[in-house]
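> Attaching a single structure in structure tokens format; questions to follow.
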Amino acid sequence: MATPATVPLWVTEPRRATSLSTVTARRGTWFALDRSLYAPTSRQYRHPQPHDQGYVWLQGTKRRLVEAQWRDGELWHRCRDWSPAVGDKLQCHLDADRRLEVSRAHTAMHLAIKALGDVGGVLRRDPEVKLGGTFRLDLAAPLPAAALAEARKRVMGWCRQGLTLANEAVLRTMQTRVLDPQPFESPDPFPGPPDSLMAVRVPGVCAYPCDGTHVDRTDRISDVVFAEAKATRAGFLLVGRVK
């Protein structure tokens, strides 16, 4: 019997921090929910970020939710040293501080991808959001200091404008008309599912396919610095940090 699809509350209600959710299936220590606050790590769009965490309550007992993960096209959750039964109704709470830290870094990463592409940067492999308010960009070749300074200047200009981000659903037939090609070294500027894409638009700046979490406005980011920039054997590593 197939597990019912989970409603992704981090997409449909991205500012929501609590929910009442029902356990629909179990697989060992993992369990599925009818609706979930917890965004998993996903590489489908080539923008992976750390999964959400939080707490679940059942009959007055609080448990730490430590992982959310896609498995065989279904969303599964795991708590520390405990698993609920099918049919249990859980009061779910998001670790909002962790989500905000990751979301700010993810939005900053989109801005950095656009800015670096404007000054000639090409992504050698998938950009990644890390914990600690950081993101990692592996470029195909080094960029001069002046180009990095110009890229950061552009990012900070967009942050100060307070642009409102929007989530969009885009048909594959429309992708080249409404989305920006990402500067990936491999020939896939619009990664994602075959029929339609989730996308995040920063108006006037960029619109990239993405299923991650973001802040609602760019001025939620006060500063972005390139904390590490160095040549590597394969190209150029750039680590950004959000403040």
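Chains: A, B, ... in order of the structure tokens. Residues: from 1 per chain. Ligands: from 1, in order shown.
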Could you please write out, as an MDAnalysis selection string, every residue of segment 127-238 of chain A that DSSP assigns to strand (DSSP E)?
chainID A and resid 128:130 134:139 166:171 196:202 206:209 224:231 236:238
> Quick one: everything within 12 Å of Glu101 of chain A, counting only C-alpha atoms, minus sequence neighbours fewer than 6 positions away in the same chain. Send it as a ChimeraX atom specification.
/A:49-52,95,107-108,129-135,213-215,220-221,241-243
> Kindly indicate which residue among A:His77, A:Gln53, A:Asp216, A:Leu116 lies nearest to Ala149 of chain A, using only C-alpha atoms for the distances.
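Among the listed residues, the smallest separation from Ala149 of chain A belongs to A:Leu116.
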> Quick one: everything within 7 Å of His93 of chain A, counting only C-alpha atoms, minus sequence neighbours fewer than 3 positions away in the same chain. Send it as number ranges by chain.
A: 17-19, 54-56
> Please write the residues from the selection above to a file, keeping C-alpha atoms, as a PDB file, in the first residue's frame.

```pdb
ATOM      1  CA  ALA A  17       6.172  27.021  12.938  1.00  0.00           C
ATOM      2  CA  THR A  18       3.654  24.542  14.440  1.00  0.00           C
ATOM      3  CA  SER A  19       1.237  21.955  13.104  1.00  0.00           C
ATOM      4  CA  GLY A  54      12.418  20.531  15.752  1.00  0.00           C
ATOM      5  CA  TYR A  55      10.290  18.771  18.371  1.00  0.00           C
ATOM      6  CA  VAL A  56       7.172  16.614  18.386  1.00  0.00           C
TER       7      VAL A  56
END
```
> Give me, as a ChimeraX atom specification, all polymer residues having an atom no more than 12 Å from Pro187 of chain A, counting only C-alpha atoms and skipping those fewer than 6 positions away in the same chain.
/A:122-125,181
> Could you turn the residues from that selection into a file that holds C-alpha atoms, as a PDB file, in the first residue's frame?

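Okay, part15.pdb is ready:
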```pdb
ATOM      1  CA  VAL A 122      30.929  29.357 -13.554  1.00  0.00           C
ATOM      2  CA  LEU A 123      29.803  26.734 -11.037  1.00  0.00           C
ATOM      3  CA  ARG A 124      31.864  23.559 -11.266  1.00  0.00           C
ATOM      4  CA  ARG A 125      29.524  21.589  -9.017  1.00  0.00           C
ATOM      5  CA  PRO A 181      19.781  29.858 -16.543  1.00  0.00           C
TER       6      PRO A 181
END
```
> Could you write out, as number ranges by chain, all the residues of segment 103-232 of chain A that DSSP marks as helix (DSSP H, G or I)?
A: 103-118, 145-160, 172-178, 218-220
> Name the closest residue to Asp118 of chain A among the candidates A:Thr176, A:Gln182, A:Ser222, A:Thr6; distances are taken between atoms, counting only C-alpha atoms.
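Closest to Asp118 of chain A, using only C-alpha atoms: A:Gln182.
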> Would you kindly return, as a VMD selection string, each protein, DNA or RNA residue with an atom no farther than 10 Å from any atom of Val23 of chain A, considering only C-alpha atoms and excluding same-chain residues fewer than 3 positions away?
chain A and resid 26 31 to 35 84 to 90
> Which residue is closest to Gly120 of chain A? Choose from A:Pro194, A:Gly235, A:Pro183, A:Gly157 and count only C-alpha atoms.
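Looking at the shortest contact to Gly120 of chain A, the residue is A:Pro183.
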> Just to confirm, what's the straight-line distance from atom CA of Arg172 of chain A to atom CA of Ala112 of chain A in Å (one decimal)?
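A separation of 24.8 Å between them.
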> Per residue of segment 94-204 of chain A within 12 Å of segment 66-75 of chain A, note the shortest atom pair and the distance in Å to one decimal, counting only C-alpha atoms, and order the rows by chain and increasing residue number, as CSV.

```
residue,atom,partner,partner_atom,distance
A:Leu94,CA,A:Val66,CA,10.9
A:Asp95,CA,A:Val66,CA,10.3
A:Arg98,CA,A:Val66,CA,11.9
A:Pro193,CA,A:Gly73,CA,11.5
```
> Taking C-alpha atoms for each residue, export the selection above as a tab-separated table (two decimals), in the first residue's frame.

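What ended up in result-v3.tsv:
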```tsv
chain	number	residue	atom	x	y	z
A	94	LEU	CA	9.86	23.72	14.06
A	95	ASP	CA	13.31	24.78	15.22
A	98	ARG	CA	17.81	26.83	12.60
A	193	PRO	CA	11.47	17.27	-12.02
```
> Using only C-alpha atoms, find the one residue out of A:Ser186, A:Phe236, A:Asp97, A:Thr218 that sits nearest to Pro144 of chain A.
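Going through A:Ser186, A:Phe236, A:Asp97, A:Thr218 one by one, the smallest distance to Pro144 of chain A is for A:Phe236.
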> Write out as a count of residues only which residues come within 12 Å of Pro127 of chain A when counting only C-alpha atoms, dropping same-chain ones fewer than 4 positions away.
30
> Counting only C-alpha atoms, which residue out of A:Gln91, A:Gln44, A:Ser83, A:Gln161 sits closest to Phe190 of chain A?
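The answer is A:Gln44, which sits nearest to Phe190 of chain A.
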> May I ask which of the residues A:Leu100, A:Leu148, A:Leu143, A:Val11 is the closest one to Glu168 of chain A, counting only C-alpha atoms?
A:Val11
> Between atom CA of Val224 of chain A and atom CA of Arg160 of chain A, what distance in Å does the model show, to one decimal?
11.2 Å
